[in-house]
$ cat my_file-v4.tsv   # TSV, C-alpha atoms (C1' of nucleotides)
chain	number	residue	atom	x	y	z
A	1	MET	CA	-84.10	29.27	-16.47
A	2	PRO	CA	-86.17	26.21	-15.89
A	3	ASN	CA	-89.40	26.58	-17.76
A	4	GLU	CA	-92.50	24.47	-17.24
A	5	LEU	CA	-92.46	20.71	-17.29
A	6	ASP	CA	-94.20	19.49	-20.43
A	7	GLN	CA	-95.96	16.21	-21.03
A	8	THR	CA	-93.26	14.70	-23.22
A	9	THR	CA	-90.58	15.35	-20.64
A	10	LEU	CA	-92.72	13.81	-17.94
A	11	ASP	CA	-93.24	10.74	-20.09
A	12	ALA	CA	-89.53	10.64	-20.73
A	13	TRP	CA	-88.81	10.65	-17.01
A	14	ARG	CA	-91.30	7.88	-16.31
A	15	GLY	CA	-89.74	5.94	-19.15
A	16	VAL	CA	-86.29	6.22	-17.61
A	17	LEU	CA	-87.64	5.30	-14.21
A	18	PHE	CA	-89.39	2.16	-15.34
A	19	SER	CA	-86.77	1.07	-17.83
A	20	TYR	CA	-84.24	1.28	-15.08
A	21	ALA	CA	-86.37	-0.72	-12.70
A	22	ARG	CA	-87.29	-3.48	-15.11
A	23	VAL	CA	-83.89	-3.89	-16.71
A	24	THR	CA	-81.94	-3.76	-13.49
A	25	ARG	CA	-84.06	-6.40	-11.90
A	26	ARG	CA	-83.36	-8.75	-14.76
A	27	LEU	CA	-79.65	-8.00	-14.92
A	28	GLU	CA	-79.34	-8.69	-11.23
A	29	ALA	CA	-81.28	-11.92	-11.48
A	30	ASP	CA	-79.08	-13.16	-14.35
A	31	MET	CA	-75.87	-12.33	-12.54
A	32	LEU	CA	-76.97	-13.94	-9.33
A	33	GLU	CA	-78.04	-17.05	-11.13
A	34	GLN	CA	-75.04	-17.39	-13.41
A	35	HIS	CA	-72.28	-16.24	-11.09
A	36	ASP	CA	-73.78	-15.86	-7.65
A	37	LEU	CA	-72.66	-12.24	-7.62
A	38	PRO	CA	-74.85	-9.33	-6.47
A	39	ILE	CA	-74.82	-6.58	-9.05
A	40	THR	CA	-73.73	-4.07	-6.41
A	41	TRP	CA	-70.56	-6.08	-5.93
A	42	PHE	CA	-70.03	-6.15	-9.64
A	43	ASP	CA	-70.40	-2.39	-9.88
A	44	VAL	CA	-67.76	-1.76	-7.28
A	45	LEU	CA	-65.37	-4.31	-8.72
A	46	SER	CA	-65.71	-3.02	-12.26
A	47	ARG	CA	-65.14	0.55	-11.11
A	48	LEU	CA	-62.02	-0.44	-9.27
A	49	SER	CA	-60.71	-2.56	-12.11
A	50	GLN	CA	-60.91	0.43	-14.43
A	51	SER	CA	-59.18	2.87	-12.10
A	52	PRO	CA	-55.43	3.46	-12.12
A	53	ASP	CA	-53.75	0.78	-10.01
A	54	GLY	CA	-57.15	-0.75	-9.40
A	55	ARG	CA	-57.74	1.53	-6.44
A	56	LEU	CA	-60.10	4.27	-5.35
A	57	ARG	CA	-60.68	6.24	-2.18
A	58	MET	CA	-63.91	5.48	-0.38
A	59	HIS	CA	-65.35	8.88	-1.14
A	60	GLU	CA	-64.48	8.57	-4.82
A	61	LEU	CA	-66.34	5.31	-4.91
A	62	GLU	CA	-69.28	6.99	-3.28
A	63	GLY	CA	-69.24	9.61	-6.01
A	64	VAL	CA	-69.51	7.11	-8.83
A	65	SER	CA	-71.71	4.58	-7.14
A	66	LEU	CA	-75.36	4.51	-6.32
A	67	PHE	CA	-74.72	4.44	-2.56
A	68	THR	CA	-74.15	6.74	0.32
A	69	ARG	CA	-70.87	6.78	2.15
A	70	SER	CA	-71.97	4.35	4.79
A	71	GLY	CA	-73.41	2.08	2.16
A	72	VAL	CA	-70.04	1.96	0.46
A	73	THR	CA	-68.35	1.17	3.76
A	74	ARG	CA	-70.56	-1.87	4.33
A	75	LEU	CA	-70.25	-3.05	0.78
A	76	ALA	CA	-66.48	-2.80	1.10
A	77	ASP	CA	-66.67	-4.86	4.29
A	78	ARG	CA	-68.41	-7.67	2.48
A	79	LEU	CA	-66.11	-7.60	-0.52
A	80	GLU	CA	-63.10	-7.56	1.73
A	81	ALA	CA	-64.40	-10.46	3.79
A	82	VAL	CA	-64.38	-12.70	0.73
A	83	GLY	CA	-61.06	-11.41	-0.57
A	84	LEU	CA	-62.22	-9.59	-3.70
A	85	VAL	CA	-60.82	-6.27	-2.47
A	86	ARG	CA	-58.55	-5.11	0.32
A	87	ARG	CA	-58.19	-1.83	2.20
A	88	GLU	CA	-54.97	0.17	2.32
A	89	ARG	CA	-54.40	3.22	4.44
A	90	SER	CA	-53.69	6.30	2.41
A	91	PRO	CA	-50.13	7.60	2.87
A	92	GLU	CA	-51.00	11.21	2.01
A	93	ASP	CA	-54.06	11.56	4.25
A	94	ARG	CA	-54.14	9.44	7.34
A	95	ARG	CA	-57.90	9.61	7.58
A	96	GLY	CA	-58.16	8.09	4.15
A	97	VAL	CA	-58.48	4.54	2.90
A	98	TYR	CA	-57.95	3.10	-0.53
A	99	LEU	CA	-60.04	0.22	-1.66
A	100	VAL	CA	-57.91	-1.97	-3.92
A	101	ILE	CA	-59.09	-4.79	-6.14
A	102	THR	CA	-57.26	-8.08	-5.58
A	103	ALA	CA	-56.23	-10.66	-8.15
A	104	ALA	CA	-59.28	-12.67	-7.16
A	105	GLY	CA	-61.40	-9.61	-7.77
A	106	ARG	CA	-59.98	-9.12	-11.24
A	107	ALA	CA	-60.50	-12.77	-12.02
A	108	LYS	CA	-64.12	-12.53	-10.94
A	109	ILE	CA	-64.78	-9.50	-13.12
A	110	ALA	CA	-63.20	-11.16	-16.13
A	111	GLU	CA	-65.37	-14.20	-15.58
A	112	VAL	CA	-68.60	-12.24	-15.26
A	113	TRP	CA	-68.14	-9.57	-17.88
A	114	PRO	CA	-69.12	-11.52	-21.01
A	115	ASP	CA	-72.34	-12.77	-19.49
A	116	HIS	CA	-73.17	-9.34	-18.17
A	117	THR	CA	-72.81	-7.65	-21.52
A	118	ALA	CA	-74.93	-10.40	-23.02
A	119	SER	CA	-77.60	-9.66	-20.41
A	120	ILE	CA	-77.55	-5.97	-21.19
A	121	GLN	CA	-78.04	-6.77	-24.84
A	122	LYS	CA	-80.81	-9.21	-24.06
A	123	HIS	CA	-82.84	-7.03	-21.73
A	124	PHE	CA	-82.06	-3.61	-23.13
A	125	GLY	CA	-80.02	-3.31	-26.33
A	126	GLN	CA	-82.07	-5.81	-28.25
A	127	TYR	CA	-85.00	-3.45	-28.36
A	128	LEU	CA	-83.13	-0.41	-29.61
A	129	ASP	CA	-81.84	0.51	-33.04
A	130	ALA	CA	-78.62	2.45	-33.52
A	131	GLY	CA	-80.42	5.78	-33.46
A	132	ASP	CA	-82.25	5.01	-30.22
A	133	ALA	CA	-79.07	4.00	-28.49
A	134	GLU	CA	-77.26	7.11	-29.61
A	135	SER	CA	-80.15	9.32	-28.50
A	136	LEU	CA	-80.24	7.72	-25.09
A	137	ARG	CA	-76.52	8.05	-24.70
A	138	ALA	CA	-76.55	11.71	-25.68
A	139	ALA	CA	-79.59	12.71	-23.63
A	140	THR	CA	-78.48	11.00	-20.43
A	141	ALA	CA	-75.02	12.47	-20.89
A	142	LYS	CA	-76.55	15.94	-20.79
A	143	ILE	CA	-78.15	15.19	-17.46
A	144	LEU	CA	-75.03	13.74	-15.92
A	145	GLU	CA	-73.01	16.61	-17.30
A	146	HIS	CA	-74.54	18.69	-14.54
A	147	ASP	CA	-73.77	16.27	-11.77
A	148	GLU	CA	-70.74	17.47	-9.89
A	149	ALA	CA	-69.72	14.20	-8.31
A	150	PHE	CA	-70.18	12.35	-11.53
A	151	ARG	CA	-68.14	14.81	-13.55
A	152	ARG	CA	-65.30	14.79	-11.07
A	153	ALA	CA	-65.17	11.06	-11.11
A	154	ARG	CA	-65.55	10.70	-14.82
A	155	GLY	CA	-63.40	7.82	-15.81
A	156	ASP	CA	-64.82	5.85	-18.67
A	157	ASP	CA	-66.71	2.97	-17.17
A	158	SER	CA	-67.90	1.46	-20.35
A	159	SER	CA	-64.95	-0.44	-21.72
A	160	PRO	CA	-64.24	-4.02	-20.75
A	161	PRO	CA	-61.92	-4.48	-17.77
A	162	ARG	CA	-58.26	-5.02	-18.43
B	1	MET	CA	-82.25	-11.71	-33.01
B	2	PRO	CA	-80.03	-10.26	-30.35
B	3	ASN	CA	-76.74	-9.32	-31.94
B	4	GLU	CA	-73.66	-8.15	-30.09
B	5	LEU	CA	-73.73	-5.37	-27.56
B	6	ASP	CA	-72.00	-2.33	-29.03
B	7	GLN	CA	-70.25	0.48	-27.25
B	8	THR	CA	-72.96	3.05	-27.83
B	9	THR	CA	-75.64	0.80	-26.38
B	10	LEU	CA	-73.50	0.09	-23.35
B	11	ASP	CA	-72.97	3.81	-22.84
B	12	ALA	CA	-76.71	4.31	-23.22
B	13	TRP	CA	-77.40	1.78	-20.51
B	14	ARG	CA	-74.90	3.32	-18.12
B	15	GLY	CA	-76.47	6.67	-18.87
B	16	VAL	CA	-79.91	5.42	-17.93
B	17	LEU	CA	-78.55	3.76	-14.81
B	18	PHE	CA	-76.80	6.84	-13.51
B	19	SER	CA	-79.40	9.34	-14.59
B	20	TYR	CA	-81.94	7.33	-12.71
B	21	ALA	CA	-79.79	7.16	-9.62
B	22	ARG	CA	-78.91	10.84	-9.50
B	23	VAL	CA	-82.30	12.21	-10.40
B	24	THR	CA	-84.25	9.91	-8.12
B	25	ARG	CA	-82.11	10.75	-5.16
B	26	ARG	CA	-82.79	14.42	-5.64
B	27	LEU	CA	-86.50	14.01	-6.25
B	28	GLU	CA	-86.80	12.01	-3.09
B	29	ALA	CA	-84.82	14.51	-1.08
B	30	ASP	CA	-87.00	17.38	-2.32
B	31	MET	CA	-90.21	15.58	-1.54
B	32	LEU	CA	-89.08	14.55	1.90
B	33	GLU	CA	-87.96	18.05	2.71
B	34	GLN	CA	-90.98	19.85	1.28
B	35	HIS	CA	-93.75	17.46	2.19
B	36	ASP	CA	-92.26	14.82	4.45
B	37	LEU	CA	-93.39	12.16	1.98
B	38	PRO	CA	-91.24	9.23	0.82
B	39	ILE	CA	-91.29	8.98	-2.95
B	40	THR	CA	-92.41	5.36	-2.74
B	41	TRP	CA	-95.56	6.54	-0.99
B	42	PHE	CA	-96.09	9.15	-3.62
B	43	ASP	CA	-95.77	6.58	-6.41
B	44	VAL	CA	-98.45	4.37	-4.92
B	45	LEU	CA	-100.78	7.25	-4.20
B	46	SER	CA	-100.46	8.74	-7.66
B	47	ARG	CA	-101.10	5.37	-9.26
B	48	LEU	CA	-104.21	4.88	-7.22
B	49	SER	CA	-105.46	8.40	-7.81
B	50	GLN	CA	-105.32	7.81	-11.55
B	51	SER	CA	-107.10	4.49	-11.52
B	52	PRO	CA	-110.86	4.13	-11.90
B	53	ASP	CA	-112.49	4.65	-8.50
B	54	GLY	CA	-109.06	5.31	-7.04
B	55	ARG	CA	-108.52	1.62	-6.48
B	56	LEU	CA	-106.21	-1.16	-7.60
B	57	ARG	CA	-105.71	-4.77	-6.67
B	58	MET	CA	-102.48	-5.55	-4.89
B	59	HIS	CA	-101.08	-7.51	-7.79
B	60	GLU	CA	-101.91	-4.73	-10.24
B	61	LEU	CA	-99.99	-2.36	-8.06
B	62	GLU	CA	-97.11	-4.77	-8.05
B	63	GLY	CA	-97.15	-4.77	-11.84
B	64	VAL	CA	-96.80	-1.01	-12.15
B	65	SER	CA	-94.55	-0.42	-9.20
B	66	LEU	CA	-90.91	-1.01	-8.58
B	67	PHE	CA	-91.59	-3.51	-5.79
B	68	THR	CA	-92.23	-7.17	-5.30
B	69	ARG	CA	-95.55	-8.38	-4.04
B	70	SER	CA	-94.52	-8.49	-0.45
B	71	GLY	CA	-92.93	-5.08	-0.75
B	72	VAL	CA	-96.26	-3.70	-1.90
B	73	THR	CA	-97.98	-5.35	1.05
B	74	ARG	CA	-95.68	-3.61	3.52
B	75	LEU	CA	-95.94	-0.29	1.78
B	76	ALA	CA	-99.72	-0.61	1.88
B	77	ASP	CA	-99.51	-1.33	5.60
B	78	ARG	CA	-97.70	1.91	6.20
B	79	LEU	CA	-99.98	3.98	4.02
B	80	GLU	CA	-103.01	2.46	5.67
B	81	ALA	CA	-101.62	3.10	9.13
B	82	VAL	CA	-101.61	6.84	8.47
B	83	GLY	CA	-104.94	6.86	6.66
B	84	LEU	CA	-103.82	7.68	3.14
B	85	VAL	CA	-105.30	4.46	1.74
B	86	ARG	CA	-107.59	1.75	2.98
B	87	ARG	CA	-108.05	-1.91	2.09
B	88	GLU	CA	-111.29	-3.36	0.83
B	89	ARG	CA	-111.97	-7.02	0.29
B	90	SER	CA	-112.77	-7.82	-3.31
B	91	PRO	CA	-116.35	-8.99	-3.84
B	92	GLU	CA	-115.55	-11.04	-6.95
B	93	ASP	CA	-112.55	-12.88	-5.57
B	94	ARG	CA	-112.48	-13.38	-1.86
B	95	ARG	CA	-108.73	-13.84	-1.81
B	96	GLY	CA	-108.35	-10.42	-3.32
B	97	VAL	CA	-107.90	-6.99	-1.80
B	98	TYR	CA	-108.36	-3.58	-3.31
B	99	LEU	CA	-106.20	-0.77	-2.15
B	100	VAL	CA	-108.28	2.41	-2.24
B	101	ILE	CA	-107.05	5.95	-1.92
B	102	THR	CA	-108.81	7.96	0.78
B	103	ALA	CA	-109.79	11.60	0.71
B	104	ALA	CA	-106.72	12.35	2.77
B	105	GLY	CA	-104.66	10.49	0.18
B	106	ARG	CA	-106.09	12.56	-2.65
B	107	ALA	CA	-105.48	15.73	-0.72
B	108	LYS	CA	-101.88	14.75	-0.15
B	109	ILE	CA	-101.29	14.02	-3.82
B	110	ALA	CA	-102.84	17.31	-4.86
B	111	GLU	CA	-100.63	19.11	-2.40
B	112	VAL	CA	-97.44	17.42	-3.55
B	113	TRP	CA	-97.96	17.25	-7.30
B	114	PRO	CA	-96.97	20.81	-8.27
B	115	ASP	CA	-93.73	20.66	-6.32
B	116	HIS	CA	-92.94	17.24	-7.69
B	117	THR	CA	-93.31	18.27	-11.30
B	118	ALA	CA	-91.19	21.30	-10.54
B	119	SER	CA	-88.52	18.96	-9.14
B	120	ILE	CA	-88.59	16.80	-12.25
B	121	GLN	CA	-88.12	19.86	-14.37
B	122	LYS	CA	-85.33	21.11	-12.14
B	123	HIS	CA	-83.30	17.91	-11.94
B	124	PHE	CA	-84.12	16.36	-15.28
B	125	GLY	CA	-86.18	18.33	-17.82
B	126	GLN	CA	-84.13	21.46	-17.54
B	127	TYR	CA	-81.20	19.81	-19.23
B	128	LEU	CA	-83.08	18.45	-22.22
B	129	ASP	CA	-84.36	20.10	-25.36
B	130	ALA	CA	-87.60	19.02	-27.00
B	131	GLY	CA	-85.82	16.52	-29.24
B	132	ASP	CA	-83.98	14.90	-26.34
B	133	ALA	CA	-87.17	14.44	-24.37
B	134	GLU	CA	-88.98	12.93	-27.31
B	135	SER	CA	-86.09	10.56	-28.02
B	136	LEU	CA	-85.98	9.42	-24.43
B	137	ARG	CA	-89.70	8.88	-24.35
B	138	ALA	CA	-89.69	6.89	-27.56
B	139	ALA	CA	-86.64	4.76	-26.76
B	140	THR	CA	-87.74	3.83	-23.25
B	141	ALA	CA	-91.20	3.05	-24.57
B	142	LYS	CA	-89.67	0.45	-26.86
B	143	ILE	CA	-88.05	-1.26	-23.93
B	144	LEU	CA	-91.17	-1.27	-21.80
B	145	GLU	CA	-93.20	-2.44	-24.76
B	146	HIS	CA	-91.67	-5.83	-24.15
B	147	ASP	CA	-92.43	-5.93	-20.48
B	148	GLU	CA	-95.46	-8.10	-19.92
B	149	ALA	CA	-96.51	-6.76	-16.54
B	150	PHE	CA	-96.04	-3.21	-17.65
B	151	ARG	CA	-98.07	-3.62	-20.83
B	152	ARG	CA	-100.93	-5.26	-19.01
B	153	ALA	CA	-101.05	-2.52	-16.48
B	154	ARG	CA	-100.68	0.29	-18.95
B	155	GLY	CA	-102.82	3.08	-17.76
B	156	ASP	CA	-101.42	6.47	-18.48
B	157	ASP	CA	-99.54	7.56	-15.42
B	158	SER	CA	-98.39	10.87	-16.68
B	159	SER	CA	-101.32	13.20	-16.32
B	160	PRO	CA	-101.93	15.19	-13.14
B	161	PRO	CA	-104.24	13.54	-10.62
B	162	ARG	CA	-107.90	14.43	-10.63
C	1	DT	C1'	-49.54	28.48	16.71
C	2	DT	C1'	-53.86	27.52	18.37
C	3	DG	C1'	-58.45	26.81	17.95
C	4	DC	C1'	-62.46	25.99	14.97
C	5	DA	C1'	-64.62	24.23	10.97
C	6	DA	C1'	-64.52	20.78	7.51
C	7	DT	C1'	-63.54	16.19	5.91
C	8	DT	C1'	-62.82	11.01	6.05
C	9	DA	C1'	-64.45	6.78	7.29
C	10	DC	C1'	-66.92	3.96	10.49
C	11	DT	C1'	-70.76	2.39	13.69
C	12	DG	C1'	-75.39	1.75	16.20
C	13	DC	C1'	-79.83	1.81	15.20
C	14	DA	C1'	-83.98	1.84	12.74
C	15	DA	C1'	-86.41	1.51	8.38
C	16	DT	C1'	-87.13	-0.80	4.24
C	17	DG	C1'	-87.46	-4.52	1.07
C	18	DT	C1'	-86.75	-9.48	-0.42
C	19	DC	C1'	-87.28	-14.48	-0.10
C	20	DA	C1'	-89.56	-18.49	1.24
C	21	DA	C1'	-93.25	-20.38	3.54
C	22	DT	C1'	-98.22	-20.01	4.69
C	23	DT	C1'	-103.25	-19.34	4.50
C	24	DA	C1'	-107.26	-18.83	1.99
C	25	DC	C1'	-109.58	-19.22	-1.98
C	26	DT	C1'	-110.41	-20.38	-7.03
C	27	DT	C1'	-109.97	-23.01	-11.19
C	28	DC	C1'	-108.93	-26.88	-13.74
C	29	DT	C1'	-109.04	-31.95	-14.71
C	30	DG	C1'	-110.77	-36.22	-15.05
D	1	DC	C1'	-117.99	-33.24	-8.00
D	2	DA	C1'	-113.49	-34.49	-5.64
D	3	DG	C1'	-108.93	-33.55	-5.56
D	4	DA	C1'	-104.94	-31.32	-7.48
D	5	DA	C1'	-102.88	-27.35	-9.05
D	6	DG	C1'	-102.68	-22.56	-9.28
D	7	DT	C1'	-103.27	-17.73	-7.54
D	8	DA	C1'	-103.80	-13.65	-4.05
D	9	DA	C1'	-102.08	-11.67	-0.32
D	10	DT	C1'	-99.69	-11.89	4.00
D	11	DT	C1'	-96.05	-13.01	7.36
D	12	DG	C1'	-91.51	-14.30	9.64
D	13	DA	C1'	-86.80	-14.31	9.14
D	14	DC	C1'	-83.20	-12.06	7.17
D	15	DA	C1'	-80.13	-8.85	4.44
D	16	DT	C1'	-79.27	-4.34	3.01
D	17	DT	C1'	-79.07	0.50	3.26
D	18	DG	C1'	-79.66	5.12	5.12
D	19	DC	C1'	-79.42	8.47	8.93
D	20	DA	C1'	-77.34	10.51	12.64
D	21	DG	C1'	-73.65	10.56	15.53
D	22	DT	C1'	-68.49	9.74	16.48
D	23	DA	C1'	-63.37	9.67	16.27
D	24	DA	C1'	-59.47	10.93	13.91
D	25	DT	C1'	-57.21	14.01	11.00
D	26	DT	C1'	-56.54	18.07	8.14
D	27	DG	C1'	-56.79	22.83	6.79
D	28	DC	C1'	-57.95	27.47	7.47
D	29	DA	C1'	-58.05	31.91	9.97
D	30	DA	C1'	-56.74	35.04	13.28

$ encode --input "my_file-v4.tsv" --output "structure tokens"
Amino acid sequence: MPNELDQTTLDAWRGVLFSYARVTRRLEADMLEQHDLPITWFDVLSRLSQSPDGRLRMHELEGVSLFTRSGVTRLADRLEAVGLVRRERSPEDRRGVYLVITAAGRAKIAEVWPDHTASIQKHFGQYLDAGDAESLRAATAKILEHDEAFRRARGDDSSPPR
Amino acid sequence: MPNELDQTTLDAWRGVLFSYARVTRRLEADMLEQHDLPITWFDVLSRLSQSPDGRLRMHELEGVSLFTRSGVTRLADRLEAVGLVRRERSPEDRRGVYLVITAAGRAKIAEVWPDHTASIQKHFGQYLDAGDAESLRAATAKILEHDEAFRRARGDDSSPPR
DNA sequence: TTGCAATTACTGCAATGTCAATTACTTCTG
DNA sequence: CAGAAGTAATTGACATTGCAGTAATTGCAA
């Protein structure tokens, strides 16, 4: 049963909130400057590149992304317009659509990845020792453990793209 | 010096990213449903309510919020339009503006606060033990320690409004 | 099997937030 | 003290995203 919210937990939440906000802003700025790529595009591309056959249904993408369904639709439109992904109708469900990463998309991810990891280190990892990082990993995992959509979609997102 | 990004740190970052996304979405949904208040409004109001005299300059608010300067301006417009805050010209710098919480604003915060803390417990705290919470607090504090704007603006945001 | 509810993806519209430019004022420099 | 440079806040133009509604398809229930 959920007990009362204590001060430490509240501080922890505010810490997550602000860390997210500050770090994300910097990661996005770096990526835009270095590669002219919005971080939302990167997120979708890296997800796709790590899925079997480089493809995912729209609703699966919704589950693992930070967007709503319609947000994913628009994002897909933009990525498709510049040839980084393409849509394919699903054979098994005619309502469905697969979003598939193209060769250009894979090339883009490969190009961006090293700089992105460097940014994460620079704006985030740099300040943490091994114990901090492990604690963060473990604690956030407990929270996401209870997220249905996230659990269903769990495919490891944290290894470099192939 | 920044060394290489290791796997654990990368997982930690993704954990923060997704925890933020999932939890925030739920907190916002709760607040909108229970009190018809966007969480961005709540953030501004709670900041103001905890500042001396319930007032903050626009750029101070920018420092502690998740928005850019112009974003804060627009948010202030909306809050002012419904009477939750008001603007006052700064006597010491005639370019400056204070955003001041009104009685209605304080009433709103007082009304929302208990449900909001309950939401944080429900979507976040519930899943953490005391050690997890403390680790999260400490690790995120290290990151924010290095954020100039955040350090300058450091006023404890984590106690209930008066 | 037929009809109803649920699901998939998309679209129009409105809200929100950013960027770059602008106005007003202050501070620094010589 | 004059002028240049910097700072505070706002605004217009624009991009992005969510919400609510829609069309097509599937699956379930009687």

$ residues_near_point --input "my_file-v4.tsv" --point "(-65.2, 5.8, 10.8)" --cutoff "10 Å" --atoms "all atoms listed in the file" --output "list of chain:residue names"
A:Ser70, A:Thr73, A:Arg95, A:Gly96, C:DT8, C:DA9, C:DC10, C:DT11, D:DT22, D:DA23, D:DA24

$ closest_residue --input "my_file-v4.tsv" --among "B:Ser135, B:Thr40, B:Gln50, B:Ser90" --to "Phe67 of chain B" --atoms "only C-alpha atoms"
B:Thr40

$ interface_residues --input "my_file-v4.tsv" --of "chain A" --to "chain C" --cutoff "12 Å" --atoms "all atoms listed in the file" --output "PDB file with C-alpha atoms, keeping the file's coordinate frame"
ATOM      1  CA  ARG A  57     -60.680   6.240  -2.180  1.00  0.00           C
ATOM      2  CA  MET A  58     -63.910   5.480  -0.380  1.00  0.00           C
ATOM      3  CA  HIS A  59     -65.350   8.880  -1.140  1.00  0.00           C
ATOM      4  CA  GLU A  60     -64.480   8.570  -4.820  1.00  0.00           C
ATOM      5  CA  GLU A  62     -69.280   6.990  -3.280  1.00  0.00           C
ATOM      6  CA  THR A  68     -74.150   6.740   0.320  1.00  0.00           C
ATOM      7  CA  ARG A  69     -70.870   6.780   2.150  1.00  0.00           C
ATOM      8  CA  SER A  70     -71.970   4.350   4.790  1.00  0.00           C
ATOM      9  CA  GLY A  71     -73.410   2.080   2.160  1.00  0.00           C
ATOM     10  CA  VAL A  72     -70.040   1.960   0.460  1.00  0.00           C
ATOM     11  CA  THR A  73     -68.350   1.170   3.760  1.00  0.00           C
ATOM     12  CA  ARG A  74     -70.560  -1.870   4.330  1.00  0.00           C
ATOM     13  CA  ALA A  76     -66.480  -2.800   1.100  1.00  0.00           C
ATOM     14  CA  ASP A  77     -66.670  -4.860   4.290  1.00  0.00           C
ATOM     15  CA  ARG A  87     -58.190  -1.830   2.200  1.00  0.00           C
ATOM     16  CA  ARG A  89     -54.400   3.220   4.440  1.00  0.00           C
ATOM     17  CA  SER A  90     -53.690   6.300   2.410  1.00  0.00           C
ATOM     18  CA  ASP A  93     -54.060  11.560   4.250  1.00  0.00           C
ATOM     19  CA  ARG A  94     -54.140   9.440   7.340  1.00  0.00           C
ATOM     20  CA  ARG A  95     -57.900   9.610   7.580  1.00  0.00           C
ATOM     21  CA  GLY A  96     -58.160   8.090   4.150  1.00  0.00           C
ATOM     22  CA  VAL A  97     -58.480   4.540   2.900  1.00  0.00           C
ATOM     23  CA  TYR A  98     -57.950   3.100  -0.530  1.00  0.00           C
ATOM     24  CA  LEU A  99     -60.040   0.220  -1.660  1.00  0.00           C
TER      25      LEU A  99
END

$ closest_atom_pairs --input "my_file-v4.tsv" --of "chain B" --to "chain A" --cutoff "7 Å" --atoms "only C-alpha atoms" --output "tab-separated table"
residue	atom	partner	partner_atom	distance
B:Pro2	CA	A:Gln126	CA	5.3
B:Glu4	CA	A:Gln121	CA	7.0
B:Leu5	CA	A:Gln121	CA	5.3
B:Thr8	CA	A:Glu134	CA	6.2
B:Thr9	CA	A:Ala133	CA	5.1
B:Leu10	CA	A:Ser158	CA	6.5
B:Asp11	CA	A:Arg137	CA	5.8
B:Ala12	CA	A:Arg137	CA	4.0
B:Gly15	CA	A:Thr140	CA	5.0
B:Val16	CA	A:Thr140	CA	6.3
B:Leu17	CA	A:Tyr20	CA	6.2
B:Ser19	CA	A:Thr140	CA	6.1
B:Tyr20	CA	A:Leu17	CA	6.2
B:Ala21	CA	A:Leu66	CA	6.1
B:Leu66	CA	A:Ala21	CA	6.1
B:Thr117	CA	A:Leu5	CA	6.5
B:Ala118	CA	A:Leu5	CA	6.9
B:Gln121	CA	A:Leu5	CA	5.3
B:Lys122	CA	A:Pro2	CA	6.4
B:Phe124	CA	A:Ile143	CA	6.5
B:Gly125	CA	A:Thr9	CA	6.0
B:Gln126	CA	A:Pro2	CA	5.4
B:Tyr127	CA	A:Ile143	CA	5.8
B:Leu128	CA	A:Ala139	CA	6.9
B:Asp132	CA	A:Ala139	CA	5.6
B:Ala133	CA	A:Thr9	CA	5.1
B:Glu134	CA	A:Thr8	CA	6.2
B:Ser135	CA	A:Ser135	CA	6.1
B:Leu136	CA	A:Ala12	CA	5.3
B:Arg137	CA	A:Ala12	CA	4.0
B:Ala139	CA	A:Asp132	CA	5.6
B:Thr140	CA	A:Gly15	CA	5.0
B:Ala141	CA	A:Gly15	CA	6.3
B:Lys142	CA	A:Tyr127	CA	6.3
B:Ile143	CA	A:Tyr127	CA	5.8
B:Leu144	CA	A:Ser19	CA	6.4
B:Ser158	CA	A:Asp11	CA	6.2

$ write_last_selection --input "my_file-v4.tsv" --atoms "C-alpha atoms" --output "short mmCIF file (atom, residue, chain, number, x, y, z; two decimals), in the coordinates of the input"
data_model
loop_
_atom_site.label_atom_id
_atom_site.label_comp_id
_atom_site.auth_asym_id
_atom_site.auth_seq_id
_atom_site.Cartn_x
_atom_site.Cartn_y
_atom_site.Cartn_z
CA PRO B 2 -80.03 -10.26 -30.35
CA GLU B 4 -73.66 -8.15 -30.09
CA LEU B 5 -73.73 -5.37 -27.56
CA THR B 8 -72.96 3.05 -27.83
CA THR B 9 -75.64 0.80 -26.38
CA LEU B 10 -73.50 0.09 -23.35
CA ASP B 11 -72.97 3.81 -22.84
CA ALA B 12 -76.71 4.31 -23.22
CA GLY B 15 -76.47 6.67 -18.87
CA VAL B 16 -79.91 5.42 -17.93
CA LEU B 17 -78.55 3.76 -14.81
CA SER B 19 -79.40 9.34 -14.59
CA TYR B 20 -81.94 7.33 -12.71
CA ALA B 21 -79.79 7.16 -9.62
CA LEU B 66 -90.91 -1.01 -8.58
CA THR B 117 -93.31 18.27 -11.30
CA ALA B 118 -91.19 21.30 -10.54
CA GLN B 121 -88.12 19.86 -14.37
CA LYS B 122 -85.33 21.11 -12.14
CA PHE B 124 -84.12 16.36 -15.28
CA GLY B 125 -86.18 18.33 -17.82
CA GLN B 126 -84.13 21.46 -17.54
CA TYR B 127 -81.20 19.81 -19.23
CA LEU B 128 -83.08 18.45 -22.22
CA ASP B 132 -83.98 14.90 -26.34
CA ALA B 133 -87.17 14.44 -24.37
CA GLU B 134 -88.98 12.93 -27.31
CA SER B 135 -86.09 10.56 -28.02
CA LEU B 136 -85.98 9.42 -24.43
CA ARG B 137 -89.70 8.88 -24.35
CA ALA B 139 -86.64 4.76 -26.76
CA THR B 140 -87.74 3.83 -23.25
CA ALA B 141 -91.20 3.05 -24.57
CA LYS B 142 -89.67 0.45 -26.86
CA ILE B 143 -88.05 -1.26 -23.93
CA LEU B 144 -91.17 -1.27 -21.80
CA SER B 158 -98.39 10.87 -16.68
#

$ interface_residues --input "my_file-v4.tsv" --of "chain D" --to "chain A" --cutoff "12 Å" --atoms "all atoms listed in the file" --output "VMD selection string"
chain D and resid 15 to 20 23 to 27
